[in-house]
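Colleague: What follows is a single structure, and I will ask about it in a moment.
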Amino acid sequence: MEDEKDWQDVLTEDEYYVLRLKGTEPPFTGEYWNQFEKGEYACRGCGELLFKSDTKYDSQCGWPSFYDVVDRTKVVESIDSSHGMSRIEVTCAKCGGHLGHLFPDGPKPTGIRYCINSASIRFRK
């Protein structure tokens with residue numbers, strides 16, 4: 001996209017807030033927090049495949065949680081010091097859209113949890 005106006009034209013208000021303004025949807029409100037159908041999850045901003053349902057699990061945090069990505073080159077991890085915390089932000093490597101955060105409390109085999117906003121991903125069967 002050329003500029004933020006282009007993003008606003010193609011994304012809903014909630015998608016824009018999360019993907020472009022680095023917002024967070026309230027817990028237990030997103031479309032996919034409690035969905036466990038077989039399929040894959042792509043970035044809502046650009047369509048890049050990011051996660052598969054076989055790595056999604058119920059972390060009981062209120063957001064979709066995955067213990068791994070399809071390909072680590074598809075996401076960028078960076079330090080997020082906002083809101084008085086130090087966390088690892090996860091963004092889409094292709095379009096730069098904010099996806100969520102990464103935490104070191106996930107299940108085996110990785111031990112990590114990608115805590116992702118439903119507004120930043122789209123499910124495909």
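All residue names refer to the structure tokens as shown: chains lettered A, B, ... in order, residues numbered from 1 in each chain, ligands numbered from 1 in order.
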From a DSSP pass on the backbone, collect the residues of chain A flagged as strand (DSSP E) and hand them back as a ChimeraX atom specification.
Modeller: /A:40-43,49-52,56-57,65-66,75-80,87-92,98-103,113-116,121-124
Colleague: Residues within 9 Å of range 101-116 of chain A, please, as a PyMOL selection string. Count only C-alpha atoms; anything in the same chain fewer than 2 positions from it doesn't count.
Modeller: chain A and resi 33+57+59+61-69+77+80+87-91+98-99+118-121
Colleague: Within 12 Å of Arg124 in chain A, counting only C-alpha atoms, which residues show up once you throw out same-chain ones fewer than 4 positions away? Write them as a list in words, please.
Modeller: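 Answer for this query is Tyr32, Phe36, Glu37, Lys38, Gly39, Glu40, Tyr41, Ala42, Cys43, Arg44, Gly47, Glu48, Leu49, Leu50, Phe51, Lys52 and Ser53 of chain A.
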Colleague: For the selection just defined, write its residues with all heavy atoms to a file, as a compact mmCIF listing (two decimals), in the first residue's frame.
Modeller:
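File result16.txt, as written:
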# COMPACT_ATOMS: atom_id res chain seq x y z
N TYR A 32 -11.59 -15.45 16.40
CA TYR A 32 -10.94 -16.76 16.40
C TYR A 32 -10.40 -17.24 17.75
O TYR A 32 -9.76 -18.27 17.81
CB TYR A 32 -9.77 -16.76 15.41
CG TYR A 32 -10.17 -16.36 14.02
CD1 TYR A 32 -9.52 -15.32 13.37
CD2 TYR A 32 -11.19 -17.02 13.34
CE1 TYR A 32 -9.87 -14.95 12.08
CE2 TYR A 32 -11.55 -16.66 12.05
CZ TYR A 32 -10.88 -15.62 11.43
OH TYR A 32 -11.23 -15.25 10.16
N PHE A 36 -11.37 -23.82 16.61
CA PHE A 36 -10.35 -24.86 16.45
C PHE A 36 -10.62 -25.73 15.22
O PHE A 36 -10.28 -26.90 15.20
CB PHE A 36 -10.25 -25.71 17.72
CG PHE A 36 -9.73 -24.89 18.87
CD1 PHE A 36 -10.60 -24.30 19.77
CD2 PHE A 36 -8.38 -24.66 19.00
CE1 PHE A 36 -10.13 -23.51 20.80
CE2 PHE A 36 -7.89 -23.86 20.03
CZ PHE A 36 -8.77 -23.30 20.94
N GLU A 37 -11.19 -25.13 14.17
CA GLU A 37 -11.38 -25.84 12.91
C GLU A 37 -10.03 -26.04 12.23
O GLU A 37 -9.09 -25.28 12.46
CB GLU A 37 -12.27 -25.03 11.97
CG GLU A 37 -13.71 -24.95 12.37
CD GLU A 37 -14.51 -24.18 11.33
OE1 GLU A 37 -14.63 -24.67 10.20
OE2 GLU A 37 -14.99 -23.09 11.66
N LYS A 38 -9.96 -27.06 11.37
CA LYS A 38 -8.75 -27.31 10.60
C LYS A 38 -8.63 -26.28 9.48
O LYS A 38 -9.62 -25.98 8.80
CB LYS A 38 -8.76 -28.72 10.00
CG LYS A 38 -8.73 -29.80 11.04
CD LYS A 38 -7.36 -29.88 11.68
CE LYS A 38 -7.31 -31.02 12.68
NZ LYS A 38 -6.24 -30.87 13.63
N GLY A 39 -7.45 -25.74 9.32
CA GLY A 39 -7.21 -24.76 8.26
C GLY A 39 -5.95 -23.98 8.52
O GLY A 39 -5.05 -24.43 9.24
N GLU A 40 -5.90 -22.79 7.95
CA GLU A 40 -4.73 -21.95 8.09
C GLU A 40 -5.14 -20.50 8.32
O GLU A 40 -6.28 -20.12 8.03
CB GLU A 40 -3.83 -22.08 6.86
CG GLU A 40 -4.54 -21.78 5.56
CD GLU A 40 -3.74 -22.19 4.34
OE1 GLU A 40 -2.91 -23.12 4.42
OE2 GLU A 40 -3.96 -21.57 3.28
N TYR A 41 -4.20 -19.72 8.83
CA TYR A 41 -4.45 -18.32 9.17
C TYR A 41 -3.46 -17.44 8.43
O TYR A 41 -2.26 -17.64 8.53
CB TYR A 41 -4.32 -18.10 10.68
CG TYR A 41 -5.35 -18.86 11.49
CD1 TYR A 41 -5.15 -20.19 11.82
CD2 TYR A 41 -6.53 -18.24 11.90
CE1 TYR A 41 -6.10 -20.89 12.57
CE2 TYR A 41 -7.48 -18.94 12.64
CZ TYR A 41 -7.25 -20.26 12.96
OH TYR A 41 -8.19 -20.95 13.69
N ALA A 42 -4.01 -16.47 7.70
CA ALA A 42 -3.18 -15.56 6.91
C ALA A 42 -3.34 -14.13 7.44
O ALA A 42 -4.33 -13.80 8.09
CB ALA A 42 -3.61 -15.62 5.45
N CYS A 43 -2.37 -13.30 7.14
CA CYS A 43 -2.43 -11.89 7.52
C CYS A 43 -3.61 -11.23 6.81
O CYS A 43 -3.80 -11.39 5.61
CB CYS A 43 -1.11 -11.21 7.12
SG CYS A 43 -1.10 -9.43 7.42
N ARG A 44 -4.41 -10.48 7.55
CA ARG A 44 -5.55 -9.77 6.94
C ARG A 44 -5.09 -8.60 6.09
O ARG A 44 -5.81 -8.14 5.22
CB ARG A 44 -6.51 -9.24 8.01
CG ARG A 44 -7.45 -10.29 8.52
CD ARG A 44 -8.60 -9.65 9.28
NE ARG A 44 -9.22 -10.62 10.14
CZ ARG A 44 -10.47 -10.98 10.05
NH1 ARG A 44 -11.26 -10.45 9.15
NH2 ARG A 44 -10.96 -11.88 10.88
N GLY A 47 -2.49 -11.11 3.13
CA GLY A 47 -2.79 -12.47 2.72
C GLY A 47 -1.67 -13.47 2.93
O GLY A 47 -1.82 -14.64 2.58
N GLU A 48 -0.56 -13.05 3.49
CA GLU A 48 0.58 -13.95 3.72
C GLU A 48 0.19 -15.04 4.72
O GLU A 48 -0.35 -14.76 5.79
CB GLU A 48 1.77 -13.16 4.27
CG GLU A 48 3.04 -13.94 4.39
CD GLU A 48 3.72 -14.20 3.04
OE1 GLU A 48 3.52 -13.44 2.09
OE2 GLU A 48 4.46 -15.20 2.97
N LEU A 49 0.47 -16.30 4.38
CA LEU A 49 0.19 -17.42 5.28
C LEU A 49 1.13 -17.35 6.48
O LEU A 49 2.35 -17.27 6.31
CB LEU A 49 0.37 -18.76 4.55
CG LEU A 49 0.18 -20.01 5.39
CD1 LEU A 49 -1.22 -20.09 6.00
CD2 LEU A 49 0.49 -21.25 4.57
N LEU A 50 0.56 -17.37 7.70
CA LEU A 50 1.36 -17.21 8.91
C LEU A 50 1.28 -18.40 9.86
O LEU A 50 2.29 -18.80 10.42
CB LEU A 50 0.92 -15.94 9.65
CG LEU A 50 1.04 -14.63 8.88
CD1 LEU A 50 0.38 -13.49 9.66
CD2 LEU A 50 2.49 -14.32 8.56
N PHE A 51 0.08 -18.92 10.09
CA PHE A 51 -0.13 -19.98 11.08
C PHE A 51 -1.01 -21.08 10.50
O PHE A 51 -1.82 -20.82 9.63
CB PHE A 51 -0.81 -19.42 12.34
CG PHE A 51 -0.09 -18.29 12.99
CD1 PHE A 51 -0.45 -16.98 12.74
CD2 PHE A 51 0.97 -18.53 13.86
CE1 PHE A 51 0.22 -15.92 13.34
CE2 PHE A 51 1.64 -17.48 14.47
CZ PHE A 51 1.27 -16.18 14.20
N LYS A 52 -0.89 -22.27 11.06
CA LYS A 52 -1.77 -23.39 10.71
C LYS A 52 -2.49 -23.85 11.96
O LYS A 52 -1.99 -23.72 13.08
CB LYS A 52 -0.97 -24.53 10.09
CG LYS A 52 -0.46 -24.18 8.72
CD LYS A 52 -0.02 -25.40 7.97
CE LYS A 52 0.35 -25.00 6.55
NZ LYS A 52 0.73 -26.15 5.76
N SER A 53 -3.68 -24.42 11.76
CA SER A 53 -4.51 -24.83 12.89
C SER A 53 -3.86 -25.92 13.75
O SER A 53 -4.19 -26.03 14.93
CB SER A 53 -5.88 -25.30 12.41
OG SER A 53 -5.75 -26.40 11.54
Colleague: To one decimal in Å, tell me the separation between CA of Val18 in chain A and CA of Ser78 in chain A.
Modeller: 16.3 Å
Colleague: Quick one: pick out all alpha helix (DSSP H) residues within range 11-43 of chain A from a backbone DSSP run and write them as a ChimeraX atom specification.
Modeller: /A:13-19
Colleague: For the residues selected in the previous step, produce a file with all heavy atoms as an mmCIF file, in the first residue's frame.
Modeller:
data_model
loop_
_atom_site.group_PDB
_atom_site.id
_atom_site.type_symbol
_atom_site.label_atom_id
_atom_site.label_comp_id
_atom_site.auth_asym_id
_atom_site.auth_seq_id
_atom_site.Cartn_x
_atom_site.Cartn_y
_atom_site.Cartn_z
ATOM 1 N N GLU A 13 -12.488 -0.780 10.437
ATOM 2 C CA GLU A 13 -11.968 0.079 11.504
ATOM 3 C C GLU A 13 -11.180 -0.727 12.532
ATOM 4 O O GLU A 13 -10.092 -0.318 12.961
ATOM 5 C CB GLU A 13 -13.137 0.810 12.178
ATOM 6 C CG GLU A 13 -12.712 1.910 13.112
ATOM 7 C CD GLU A 13 -13.907 2.696 13.642
ATOM 8 O OE1 GLU A 13 -14.796 3.057 12.838
ATOM 9 O OE2 GLU A 13 -13.930 2.941 14.858
ATOM 10 N N ASP A 14 -11.713 -1.893 12.941
ATOM 11 C CA ASP A 14 -11.017 -2.745 13.918
ATOM 12 C C ASP A 14 -9.718 -3.311 13.347
ATOM 13 O O ASP A 14 -8.698 -3.355 14.041
ATOM 14 C CB ASP A 14 -11.910 -3.895 14.381
ATOM 15 C CG ASP A 14 -13.047 -3.441 15.276
ATOM 16 O OD1 ASP A 14 -12.956 -2.342 15.863
ATOM 17 O OD2 ASP A 14 -14.036 -4.183 15.384
ATOM 18 N N GLU A 15 -9.750 -3.760 12.095
ATOM 19 C CA GLU A 15 -8.547 -4.285 11.464
ATOM 20 C C GLU A 15 -7.470 -3.208 11.364
ATOM 21 O O GLU A 15 -6.297 -3.457 11.643
ATOM 22 C CB GLU A 15 -8.876 -4.826 10.064
ATOM 23 C CG GLU A 15 -9.732 -6.065 10.083
ATOM 24 C CD GLU A 15 -10.329 -6.404 8.730
ATOM 25 O OE1 GLU A 15 -10.190 -5.619 7.765
ATOM 26 O OE2 GLU A 15 -10.958 -7.479 8.640
ATOM 27 N N TYR A 16 -7.868 -2.005 10.982
ATOM 28 C CA TYR A 16 -6.918 -0.895 10.876
ATOM 29 C C TYR A 16 -6.313 -0.569 12.244
ATOM 30 O O TYR A 16 -5.101 -0.369 12.366
ATOM 31 C CB TYR A 16 -7.600 0.342 10.277
ATOM 32 C CG TYR A 16 -6.643 1.487 10.052
ATOM 33 C CD1 TYR A 16 -5.818 1.512 8.932
ATOM 34 C CD2 TYR A 16 -6.551 2.525 10.971
ATOM 35 C CE1 TYR A 16 -4.926 2.554 8.736
ATOM 36 C CE2 TYR A 16 -5.656 3.569 10.779
ATOM 37 C CZ TYR A 16 -4.848 3.576 9.660
ATOM 38 O OH TYR A 16 -3.947 4.599 9.480
ATOM 39 N N TYR A 17 -7.147 -0.517 13.260
ATOM 40 C CA TYR A 17 -6.691 -0.218 14.617
ATOM 41 C C TYR A 17 -5.616 -1.213 15.072
ATOM 42 O O TYR A 17 -4.597 -0.824 15.637
ATOM 43 C CB TYR A 17 -7.880 -0.233 15.581
ATOM 44 C CG TYR A 17 -7.507 -0.136 17.035
ATOM 45 C CD1 TYR A 17 -6.957 1.029 17.555
ATOM 46 C CD2 TYR A 17 -7.700 -1.211 17.895
ATOM 47 C CE1 TYR A 17 -6.598 1.122 18.898
ATOM 48 C CE2 TYR A 17 -7.347 -1.129 19.231
ATOM 49 C CZ TYR A 17 -6.804 0.042 19.717
ATOM 50 O OH TYR A 17 -6.440 0.123 21.043
ATOM 51 N N VAL A 18 -5.839 -2.489 14.817
ATOM 52 C CA VAL A 18 -4.879 -3.515 15.239
ATOM 53 C C VAL A 18 -3.665 -3.553 14.316
ATOM 54 O O VAL A 18 -2.528 -3.427 14.753
ATOM 55 C CB VAL A 18 -5.549 -4.909 15.314
ATOM 56 C CG1 VAL A 18 -4.512 -5.997 15.537
ATOM 57 C CG2 VAL A 18 -6.575 -4.939 16.436
ATOM 58 N N LEU A 19 -3.900 -3.732 13.018
ATOM 59 C CA LEU A 19 -2.796 -3.925 12.076
ATOM 60 C C LEU A 19 -1.913 -2.691 11.883
ATOM 61 O O LEU A 19 -0.690 -2.807 11.804
ATOM 62 C CB LEU A 19 -3.332 -4.351 10.707
ATOM 63 C CG LEU A 19 -3.782 -5.803 10.582
ATOM 64 C CD1 LEU A 19 -4.650 -5.996 9.347
ATOM 65 C CD2 LEU A 19 -2.578 -6.731 10.526
#
Colleague: In Å, with one decimal, what is the gap from CA of Asp58 in chain A to CA of Phe28 in chain A?
Modeller: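 Straight-line distance from CA of Asp58 in chain A to CA of Phe28 in chain A works out to 11.7 Å.
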Colleague: Measuring between only C-alpha atoms, which one of A:Ile79, A:Trp7, A:Gly30, A:Met85 shows the shortest distance to Arg122 in chain A?
Modeller: A:Gly30
Colleague: Just give me the gap between CA of Gly96 in chain A and CA of Ser81 in chain A in Å, one decimal is fine.
Modeller: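 That distance, rounded to one decimal, is 17.7 Å.
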Colleague: Find, counting only C-alpha atoms, the residue in A:Glu25, A:Asp9, A:Arg20, A:Gln35 that gets nearest to Lys125 in chain A.
Modeller: A:Gln35
